[in-house]
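Pasted below: final-v2.pdb, PDB, C-alpha atoms and all ligand atoms.
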```
ATOM      1  CA  MET W   1       0.688 -20.459 -26.203
ATOM      2  CA  PRO W   2       0.206 -16.670 -26.504
ATOM      3  CA  ARG W   3       1.896 -14.719 -23.729
ATOM      4  CA  LEU W   4       0.415 -11.344 -24.573
ATOM      5  CA  ALA W   5      -3.215 -10.617 -23.837
ATOM      6  CA  ILE W   6      -5.226  -7.628 -24.965
ATOM      7  CA  ILE W   7      -8.219  -6.702 -22.866
ATOM      8  CA  GLY W   8     -10.626  -4.756 -25.045
ATOM      9  CA  GLY W   9     -12.820  -2.025 -23.616
ATOM     10  CA  SER W  10     -15.655   0.139 -24.910
ATOM     11  CA  GLY W  11     -15.278   0.493 -28.666
ATOM     12  CA  LEU W  12     -13.111  -2.588 -28.920
ATOM     13  CA  ALA W  13     -15.296  -5.635 -28.371
ATOM     14  CA  ARG W  14     -14.400  -6.948 -31.805
ATOM     15  CA  PHE W  15     -11.144  -6.617 -33.543
ATOM     16  CA  LYS W  16     -10.961  -7.440 -37.225
ATOM     17  CA  GLU W  17      -7.174  -7.050 -37.419
ATOM     18  CA  LEU W  18      -7.001 -10.047 -35.090
ATOM     19  CA  GLU W  19      -7.318 -13.282 -37.060
ATOM     20  CA  ILE W  20      -9.098 -15.475 -34.555
ATOM     21  CA  THR W  21      -7.997 -19.090 -34.712
ATOM     22  CA  GLU W  22      -9.870 -20.458 -31.722
ATOM     23  CA  CYS W  23     -12.264 -19.379 -28.966
ATOM     24  CA  ARG W  24     -12.070 -21.123 -25.634
ATOM     25  CA  VAL W  25     -14.581 -21.009 -22.818
ATOM     26  CA  VAL W  26     -12.603 -21.167 -19.598
ATOM     27  CA  SER W  27     -13.655 -21.102 -15.997
ATOM     28  CA  THR W  28     -11.795 -20.126 -12.853
ATOM     29  CA  PRO W  29     -12.380 -20.532  -9.104
ATOM     30  CA  PHE W  30     -13.843 -17.009  -9.327
ATOM     31  CA  GLY W  31     -16.307 -17.823 -12.093
ATOM     32  CA  GLU W  32     -16.209 -17.264 -15.841
ATOM     33  CA  PRO W  33     -14.517 -14.359 -17.589
ATOM     34  CA  SER W  34     -16.554 -11.807 -19.524
ATOM     35  CA  ALA W  35     -16.320 -13.821 -22.765
ATOM     36  CA  PRO W  36     -14.587 -16.858 -24.260
ATOM     37  CA  LEU W  37     -10.885 -16.189 -24.748
ATOM     38  CA  ALA W  38     -10.174 -15.464 -28.418
ATOM     39  CA  TYR W  39      -6.826 -16.871 -29.518
ATOM     40  CA  GLY W  40      -5.494 -15.351 -32.661
ATOM     41  CA  LEU W  41      -2.790 -13.742 -34.726
ATOM     42  CA  LEU W  42      -2.166 -10.029 -34.702
ATOM     43  CA  GLY W  43       0.324  -8.979 -37.351
ATOM     44  CA  GLY W  44       1.404 -12.624 -37.444
ATOM     45  CA  ARG W  45       2.026 -12.843 -33.659
ATOM     46  CA  GLU W  46       0.063 -14.996 -31.265
ATOM     47  CA  VAL W  47      -2.075 -13.037 -28.836
ATOM     48  CA  VAL W  48      -5.207 -13.671 -26.851
ATOM     49  CA  PHE W  49      -8.085 -11.198 -26.743
ATOM     50  CA  LEU W  50     -10.708 -10.726 -24.054
ATOM     51  CA  PRO W  51     -13.479  -8.122 -24.389
ATOM     52  CA  ARG W  52     -13.960  -6.869 -20.832
ATOM     53  CA  HIS W  53     -17.620  -5.927 -21.329
ATOM     54  CA  GLY W  54     -18.472  -9.249 -23.005
ATOM     55  CA  ALA W  55     -18.698 -10.171 -26.673
ATOM     56  CA  GLU W  56     -21.908  -8.129 -27.026
ATOM     57  CA  HIS W  57     -20.770  -5.264 -24.800
ATOM     58  CA  SER W  58     -23.439  -6.079 -22.226
ATOM     59  CA  VAL W  59     -21.502  -6.177 -18.931
ATOM     60  CA  PRO W  60     -21.347  -2.768 -17.183
ATOM     61  CA  PRO W  61     -18.110  -1.675 -15.473
ATOM     62  CA  HIS W  62     -19.272  -2.413 -11.911
ATOM     63  CA  GLN W  63     -20.450  -5.921 -12.816
ATOM     64  CA  ILE W  64     -17.385  -7.132 -14.672
ATOM     65  CA  ASN W  65     -15.855 -10.200 -13.044
ATOM     66  CA  TYR W  66     -12.372  -8.706 -12.954
ATOM     67  CA  ARG W  67     -11.019 -11.562 -10.850
ATOM     68  CA  ALA W  68     -12.163 -14.201 -13.325
ATOM     69  CA  ASN W  69     -10.815 -12.207 -16.276
ATOM     70  CA  ILE W  70      -7.311 -11.798 -14.863
ATOM     71  CA  ARG W  71      -7.148 -15.278 -13.361
ATOM     72  CA  ALA W  72      -8.216 -16.869 -16.690
ATOM     73  CA  LEU W  73      -5.402 -15.062 -18.494
ATOM     74  CA  LYS W  74      -2.894 -16.112 -15.835
ATOM     75  CA  ASP W  75      -4.066 -19.727 -16.014
ATOM     76  CA  ILE W  76      -3.491 -19.996 -19.769
ATOM     77  CA  GLY W  77       0.082 -18.748 -19.438
ATOM     78  CA  VAL W  78      -0.234 -15.064 -20.305
ATOM     79  CA  ASP W  79       2.426 -12.886 -18.687
ATOM     80  CA  HIS W  80       1.769  -9.476 -20.277
ATOM     81  CA  ILE W  81      -1.577  -7.674 -20.462
ATOM     82  CA  VAL W  82      -2.354  -4.557 -22.452
ATOM     83  CA  ALA W  83      -5.604  -3.104 -21.173
ATOM     84  CA  MET W  84      -7.495  -0.847 -23.554
ATOM     85  CA  GLY W  85      -9.781   1.652 -21.879
ATOM     86  CA  ALA W  86     -12.019   4.544 -22.867
ATOM     87  CA  VAL W  87     -11.597   7.614 -20.678
ATOM     88  CA  GLY W  88     -12.832  11.152 -20.294
ATOM     89  CA  GLY W  89     -10.153  13.830 -20.530
ATOM     90  CA  ILE W  90      -9.570  16.070 -17.507
ATOM     91  CA  ARG W  91      -6.134  17.564 -18.173
ATOM     92  CA  GLU W  92      -6.000  20.250 -20.866
ATOM     93  CA  ASP W  93      -4.025  18.126 -23.315
ATOM     94  CA  MET W  94      -6.331  15.088 -22.985
ATOM     95  CA  ALA W  95      -8.557  16.029 -25.907
ATOM     96  CA  PRO W  96     -11.030  13.519 -27.392
ATOM     97  CA  GLY W  97      -9.315  11.202 -29.865
ATOM     98  CA  CYS W  98      -5.945  11.223 -28.023
ATOM     99  CA  ILE W  99      -4.097   8.136 -26.882
ATOM    100  CA  ALA W 100      -2.540   8.271 -23.409
ATOM    101  CA  ILE W 101      -0.390   5.791 -21.531
ATOM    102  CA  PRO W 102      -1.146   6.488 -17.852
ATOM    103  CA  ASP W 103       1.482   5.979 -15.180
ATOM    104  CA  GLN W 104      -0.587   6.356 -12.007
ATOM    105  CA  ILE W 105      -4.025   5.512 -10.630
ATOM    106  CA  VAL W 106      -6.413   6.902  -8.044
ATOM    107  CA  ASP W 107      -9.131   4.404  -7.170
ATOM    108  CA  TYR W 108     -12.637   5.689  -6.403
ATOM    109  CA  THR W 109     -14.429   2.396  -7.054
ATOM    110  CA  TRP W 110     -16.271   0.544  -4.301
ATOM    111  CA  GLY W 111     -18.008  -2.772  -3.730
ATOM    112  CA  ARG W 112     -16.063  -4.616  -6.435
ATOM    113  CA  ALA W 113     -14.338  -7.918  -5.698
ATOM    114  CA  HIS W 114     -10.876  -6.418  -5.742
ATOM    115  CA  THR W 115      -8.408  -8.953  -4.343
ATOM    116  CA  TYR W 116      -7.418 -12.609  -4.547
ATOM    117  CA  PHE W 117      -6.180 -12.513  -0.966
ATOM    118  CA  GLU W 118      -9.121 -13.311   1.219
ATOM    119  CA  GLN W 119     -10.317 -15.926   3.673
ATOM    120  CA  ASP W 120      -8.403 -19.111   3.072
ATOM    121  CA  ARG W 121      -5.457 -17.516   1.257
ATOM    122  CA  SER W 122      -2.799 -17.107   3.862
ATOM    123  CA  PRO W 123      -0.618 -15.467   4.843
ATOM    124  CA  VAL W 124      -2.237 -12.087   4.232
ATOM    125  CA  THR W 125      -0.313 -10.370   1.454
ATOM    126  CA  HIS W 126       0.004  -6.655   0.780
ATOM    127  CA  VAL W 127       1.404  -6.267  -2.720
ATOM    128  CA  ASP W 128       3.495  -3.236  -3.572
ATOM    129  CA  PHE W 129       1.523  -0.923  -5.877
ATOM    130  CA  THR W 130       3.693   2.193  -5.755
ATOM    131  CA  GLU W 131       3.975   2.058  -9.540
ATOM    132  CA  PRO W 132       0.682   0.470 -10.611
ATOM    133  CA  TYR W 133       1.691  -0.171 -14.223
ATOM    134  CA  CYS W 134       4.645  -2.117 -15.591
ATOM    135  CA  GLY W 135       7.266   0.440 -16.623
ATOM    136  CA  GLU W 136       8.760  -1.752 -19.331
ATOM    137  CA  LEU W 137       5.413  -2.525 -20.954
ATOM    138  CA  ARG W 138       4.491   1.174 -20.830
ATOM    139  CA  GLU W 139       7.730   1.975 -22.684
ATOM    140  CA  ARG W 140       6.860  -0.622 -25.297
ATOM    141  CA  LEU W 141       3.403   0.854 -25.732
ATOM    142  CA  LEU W 142       4.876   4.322 -26.133
ATOM    143  CA  ALA W 143       7.414   3.087 -28.683
ATOM    144  CA  ALA W 144       4.654   1.290 -30.617
ATOM    145  CA  ALA W 145       2.478   4.404 -30.544
ATOM    146  CA  ARG W 146       5.321   6.537 -31.843
ATOM    147  CA  ALA W 147       6.100   3.982 -34.548
ATOM    148  CA  ALA W 148       2.458   4.289 -35.591
ATOM    149  CA  GLU W 149       2.923   8.099 -35.665
ATOM    150  CA  LEU W 150       0.337   8.669 -32.966
ATOM    151  CA  GLU W 151       1.970  11.252 -30.674
ATOM    152  CA  PRO W 152       0.796   9.531 -27.479
ATOM    153  CA  ILE W 153       0.494  11.407 -24.198
ATOM    154  CA  PRO W 154       3.257   9.650 -22.275
ATOM    155  CA  ASP W 155       1.905   9.869 -18.729
ATOM    156  CA  GLY W 156      -1.108  10.741 -16.626
ATOM    157  CA  THR W 157      -3.077   9.670 -13.608
ATOM    158  CA  TYR W 158      -6.102   7.499 -14.268
ATOM    159  CA  GLY W 159      -8.998   8.128 -11.869
ATOM    160  CA  ALA W 160     -11.148   5.005 -11.711
ATOM    161  CA  THR W 161     -14.800   5.740 -10.896
ATOM    162  CA  GLN W 162     -17.618   3.361 -10.087
ATOM    163  CA  GLY W 163     -20.070   4.221 -12.870
ATOM    164  CA  PRO W 164     -22.093   3.322 -14.732
ATOM    165  CA  ARG W 165     -23.218   6.933 -14.594
ATOM    166  CA  LEU W 166     -20.793   9.623 -15.687
ATOM    167  CA  GLU W 167     -19.445  12.059 -13.091
ATOM    168  CA  THR W 168     -20.733  15.444 -11.955
ATOM    169  CA  ALA W 169     -18.711  18.529 -12.866
ATOM    170  CA  MET W 170     -17.761  18.959  -9.197
ATOM    171  CA  GLU W 171     -16.615  15.351  -8.895
ATOM    172  CA  ILE W 172     -14.317  16.023 -11.826
ATOM    173  CA  ASN W 173     -13.037  19.203 -10.123
ATOM    174  CA  ARG W 174     -12.291  17.150  -7.031
ATOM    175  CA  MET W 175     -10.563  14.492  -9.097
ATOM    176  CA  GLU W 176      -8.425  17.152 -10.710
ATOM    177  CA  ARG W 177      -7.421  18.437  -7.271
ATOM    178  CA  ASP W 178      -6.516  14.844  -6.411
ATOM    179  CA  GLY W 179      -4.162  14.818  -9.390
ATOM    180  CA  CYS W 180      -6.267  12.858 -11.888
ATOM    181  CA  ASP W 181      -5.713  13.602 -15.580
ATOM    182  CA  MET W 182      -8.290  11.220 -17.035
ATOM    183  CA  VAL W 183     -11.340   9.353 -15.783
ATOM    184  CA  GLY W 184     -12.532   5.861 -16.626
ATOM    185  CA  MET W 185     -14.587   3.132 -14.989
ATOM    186  CA  THR W 186     -12.632  -0.054 -15.542
ATOM    187  CA  GLY W 187      -9.014   0.643 -14.583
ATOM    188  CA  MET W 188      -9.551  -0.771 -11.111
ATOM    189  CA  PRO W 189      -9.480  -3.331  -9.631
ATOM    190  CA  GLU W 190      -8.111  -4.790 -12.875
ATOM    191  CA  ALA W 191      -4.614  -3.320 -12.500
ATOM    192  CA  ALA W 192      -4.287  -4.378  -8.863
ATOM    193  CA  LEU W 193      -5.473  -7.917  -9.565
ATOM    194  CA  ALA W 194      -2.872  -8.239 -12.313
ATOM    195  CA  ARG W 195      -0.228  -7.125  -9.815
ATOM    196  CA  GLU W 196      -1.438  -9.664  -7.244
ATOM    197  CA  LEU W 197      -0.940 -12.402  -9.838
ATOM    198  CA  GLU W 198       2.465 -10.956 -10.806
ATOM    199  CA  LEU W 199       1.430 -10.149 -14.352
ATOM    200  CA  SER W 200       2.969  -7.295 -16.284
ATOM    201  CA  TYR W 201       0.104  -4.887 -16.980
ATOM    202  CA  ALA W 202      -0.195  -1.519 -18.710
ATOM    203  CA  CYS W 203      -3.076   0.573 -19.995
ATOM    204  CA  CYS W 204      -3.656   2.217 -23.337
ATOM    205  CA  ALA W 205      -6.274   4.887 -22.711
ATOM    206  CA  VAL W 206      -8.333   6.304 -25.543
ATOM    207  CA  VAL W 207      -9.888   9.676 -24.761
ATOM    208  CA  ALA W 208     -13.554   9.515 -25.780
ATOM    209  CA  ASN W 209     -14.861  12.847 -24.455
ATOM    210  CA  TRP W 210     -14.045  15.808 -22.285
ATOM    211  CA  ALA W 211     -14.856  14.849 -18.700
ATOM    212  CA  ALA W 212     -17.999  16.318 -17.118
ATOM    213  CA  GLY W 213     -17.924  20.111 -16.979
ATOM    214  CA  ARG W 214     -14.878  20.352 -19.246
ATOM    215  CA  GLY W 215     -16.647  20.445 -22.603
ATOM    216  CA  ASP W 216     -19.666  22.357 -23.851
ATOM    217  CA  GLY W 217     -22.721  21.184 -21.917
ATOM    218  CA  PRO W 218     -23.796  17.608 -21.216
ATOM    219  CA  ILE W 219     -21.801  14.638 -22.502
ATOM    220  CA  ALA W 220     -23.604  13.017 -25.437
ATOM    221  CA  TRP W 221     -23.258   9.251 -25.855
ATOM    222  CA  GLU W 222     -23.156   9.758 -29.663
ATOM    223  CA  GLU W 223     -20.116  11.977 -29.164
ATOM    224  CA  ILE W 224     -18.396   9.270 -27.119
ATOM    225  CA  VAL W 225     -19.129   6.636 -29.764
ATOM    226  CA  ALA W 226     -17.859   8.795 -32.629
ATOM    227  CA  ASN W 227     -14.640   9.757 -30.833
ATOM    228  CA  LEU W 228     -14.070   6.191 -29.727
ATOM    229  CA  GLU W 229     -14.338   4.922 -33.266
ATOM    230  CA  GLN W 230     -11.607   7.312 -34.329
ATOM    231  CA  GLY W 231      -9.512   6.686 -31.206
ATOM    232  CA  MET W 232      -9.782   2.926 -31.417
ATOM    233  CA  ASP W 233      -8.553   2.995 -35.026
ATOM    234  CA  LYS W 234      -5.432   4.643 -33.661
ATOM    235  CA  ALA W 235      -5.234   2.114 -30.835
ATOM    236  CA  LYS W 236      -5.386  -0.767 -33.307
ATOM    237  CA  ARG W 237      -2.452   0.718 -35.217
ATOM    238  CA  LEU W 238      -0.576   0.865 -31.933
ATOM    239  CA  LEU W 239      -1.400  -2.765 -31.157
ATOM    240  CA  LEU W 240      -0.224  -3.906 -34.591
ATOM    241  CA  GLU W 241       3.107  -2.137 -34.035
ATOM    242  CA  LEU W 242       3.354  -3.628 -30.562
ATOM    243  CA  ALA W 243       2.750  -7.145 -31.880
ATOM    244  CA  ALA W 244       5.264  -6.602 -34.680
ATOM    245  CA  GLY W 245       7.883  -5.674 -32.080
ATOM    246  CA  LEU W 246       7.339  -8.766 -29.940
TER     247      LEU W 246
HETATM  248  N1  LIG U 301     -16.092   9.200 -17.247
HETATM  249  C1  LIG U 301     -15.894   7.917 -16.858
HETATM  250  N2  LIG U 301     -15.624   6.957 -17.724
HETATM  251  C2  LIG U 301     -15.542   7.275 -19.021
HETATM  252  C3  LIG U 301     -15.727   8.579 -19.476
HETATM  253  C4  LIG U 301     -16.010   9.605 -18.539
HETATM  254  O1  LIG U 301     -16.190  10.789 -18.866
HETATM  255  N3  LIG U 301     -15.574   8.555 -20.824
HETATM  256  C5  LIG U 301     -15.286   7.276 -21.161
HETATM  257  N4  LIG U 301     -15.266   6.491 -20.074
END
```
Can you turn what I pasted into structure tokens?
Ligand code: HPA
Amino acid sequence: MPRLAIIGGSGLARFKELEITECRVVSTPFGEPSAPLAYGLLGGREVVFLPRHGAEHSVPPHQINYRANIRALKDIGVDHIVAMGAVGGIREDMAPGCIAIPDQIVDYTWGRAHTYFEQDRSPVTHVDFTEPYCGELRERLLAAARAAELEPIPDGTYGATQGPRLETAMEINRMERDGCDMVGMTGMPEAALARELELSYACCAVVANWAAGRGDGPIAWEEIVANLEQGMDKAKRLLLELAAGL
């Protein structure tokens, strides 16, 4: 039974380095995850892969069933989750193509089913989220990135926005004042749900573009796609190193 799961984001709905051995449709009390769970071998190690936006990249960030995704992984015995995510770079060093391993989150999302603790789940539980990512898994990601000669950015605050539209330049200025270094749309409530289910969770962020107002003019989708392709190649090298070190 694989204990490591990789949640794929934009640019990583398919993963040819992963030799898929079996796909399983699973359901949870919260509904079905974004796609069947793909069991497979990555660098000879068992892992399970779940594309967050669906196998055809058709589920937008605000409509992802985050609860079903995390619960499905918990139910099959996963204990570590590496979440891949495309982000826009806010901080000066977060240039397109970089890999960053964030260590903090600011949540600007709204209206998403964001907790397992409601109604009949008692007593009410307030999980600690002081450090939203697992420190040990972050260290492993950083070591894997360095082994793959990627020069990862070793920290940063991930600002999670609602989407699906991109931000205004002034929203990005406000996020910067709040301490955000990068902006993405899927980091929450995923990280908090993993914490509620006591799963070790860390994020590998791939910078796809300069955030709104930080580059030259409007953000072009073609630019995001091209940078993601390059960034995700790096991320796959990181994942292979990570699997090799398991
Ligand atoms: N904003 C929000 N999410 C994103 C961005 C962005 O600029 N780029 C990739 N995901």
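Put simply, atom CA of W:Gly85 is 22.9 Å away from atom CA of W:Met170.
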### Query
What residues come out when you apply the PyMOL selection byres (((chain W and resi 164) around 10) and not hetatm) to this file, written as a list of chain:residue names?
W:Pro60, W:Pro61, W:His62, W:Gln63, W:Thr161, W:Gln162, W:Gly163, W:Arg165, W:Leu166, W:Glu167, W:Met185
#### Entry: Point-to-point distance in Å for atom CA of W:Met182 and atom C1 of ligand LIG 301 (chain U)
8.3 Å
### Query
Do you know which residues the PyMOL selection byres (((chain W and resi 96) around 6) and not hetatm) returns on this file, as a VMD selection string?
chain W and resid 95 97 to 98 207 to 209
Do you know which residues are at most 10 Å from stretch 30-47 of chain W counting only C-alpha atoms, after dropping those on the same chain fewer than 4 positions away, and could you put them as an mmCIF file with C-alpha atoms, in the coordinates of the input?
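As written to disk, around_36.cif reads:
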```
data_model
loop_
_atom_site.group_PDB
_atom_site.id
_atom_site.type_symbol
_atom_site.label_atom_id
_atom_site.label_comp_id
_atom_site.auth_asym_id
_atom_site.auth_seq_id
_atom_site.Cartn_x
_atom_site.Cartn_y
_atom_site.Cartn_z
ATOM 1 C CA MET W 1 0.688 -20.459 -26.203
ATOM 2 C CA PRO W 2 0.206 -16.670 -26.504
ATOM 3 C CA ARG W 3 1.896 -14.719 -23.729
ATOM 4 C CA LEU W 4 0.415 -11.344 -24.573
ATOM 5 C CA ALA W 5 -3.215 -10.617 -23.837
ATOM 6 C CA ILE W 6 -5.226 -7.628 -24.965
ATOM 7 C CA ALA W 13 -15.296 -5.635 -28.371
ATOM 8 C CA PHE W 15 -11.144 -6.617 -33.543
ATOM 9 C CA LYS W 16 -10.961 -7.440 -37.225
ATOM 10 C CA GLU W 17 -7.174 -7.050 -37.419
ATOM 11 C CA LEU W 18 -7.001 -10.047 -35.090
ATOM 12 C CA GLU W 19 -7.318 -13.282 -37.060
ATOM 13 C CA ILE W 20 -9.098 -15.475 -34.555
ATOM 14 C CA THR W 21 -7.997 -19.090 -34.712
ATOM 15 C CA GLU W 22 -9.870 -20.458 -31.722
ATOM 16 C CA CYS W 23 -12.264 -19.379 -28.966
ATOM 17 C CA ARG W 24 -12.070 -21.123 -25.634
ATOM 18 C CA VAL W 25 -14.581 -21.009 -22.818
ATOM 19 C CA VAL W 26 -12.603 -21.167 -19.598
ATOM 20 C CA PRO W 51 -13.479 -8.122 -24.389
ATOM 21 C CA ARG W 52 -13.960 -6.869 -20.832
ATOM 22 C CA HIS W 53 -17.620 -5.927 -21.329
ATOM 23 C CA GLY W 54 -18.472 -9.249 -23.005
ATOM 24 C CA ALA W 55 -18.698 -10.171 -26.673
ATOM 25 C CA GLU W 56 -21.908 -8.129 -27.026
ATOM 26 C CA HIS W 57 -20.770 -5.264 -24.800
ATOM 27 C CA SER W 58 -23.439 -6.079 -22.226
ATOM 28 C CA VAL W 59 -21.502 -6.177 -18.931
ATOM 29 C CA GLN W 63 -20.450 -5.921 -12.816
ATOM 30 C CA ILE W 64 -17.385 -7.132 -14.672
ATOM 31 C CA ASN W 65 -15.855 -10.200 -13.044
ATOM 32 C CA TYR W 66 -12.372 -8.706 -12.954
ATOM 33 C CA ARG W 67 -11.019 -11.562 -10.850
ATOM 34 C CA ALA W 68 -12.163 -14.201 -13.325
ATOM 35 C CA ASN W 69 -10.815 -12.207 -16.276
ATOM 36 C CA ILE W 70 -7.311 -11.798 -14.863
ATOM 37 C CA ARG W 71 -7.148 -15.278 -13.361
ATOM 38 C CA ALA W 72 -8.216 -16.869 -16.690
ATOM 39 C CA LEU W 73 -5.402 -15.062 -18.494
ATOM 40 C CA ILE W 76 -3.491 -19.996 -19.769
ATOM 41 C CA VAL W 78 -0.234 -15.064 -20.305
ATOM 42 C CA ILE W 81 -1.577 -7.674 -20.462
ATOM 43 C CA ALA W 113 -14.338 -7.918 -5.698
ATOM 44 C CA TYR W 116 -7.418 -12.609 -4.547
ATOM 45 C CA LYS W 236 -5.386 -0.767 -33.307
ATOM 46 C CA LEU W 239 -1.400 -2.765 -31.157
ATOM 47 C CA LEU W 240 -0.224 -3.906 -34.591
ATOM 48 C CA GLU W 241 3.107 -2.137 -34.035
ATOM 49 C CA LEU W 242 3.354 -3.628 -30.562
ATOM 50 C CA ALA W 243 2.750 -7.145 -31.880
ATOM 51 C CA ALA W 244 5.264 -6.602 -34.680
ATOM 52 C CA GLY W 245 7.883 -5.674 -32.080
ATOM 53 C CA LEU W 246 7.339 -8.766 -29.940
#
```
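Distance check against ligand LIG 301 (chain U) using all atoms listed in the file: of W:Leu12, W:Ile224, W:Ala192, W:Ala144, the minimum falls on W:Ile224.
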### Task
Counting all atoms listed in the file, find the residues whose atoms lie at most 12 Å from (-13.6, 17.0, -9.1) (file coordinates) and write them out as a count of residues only.
26
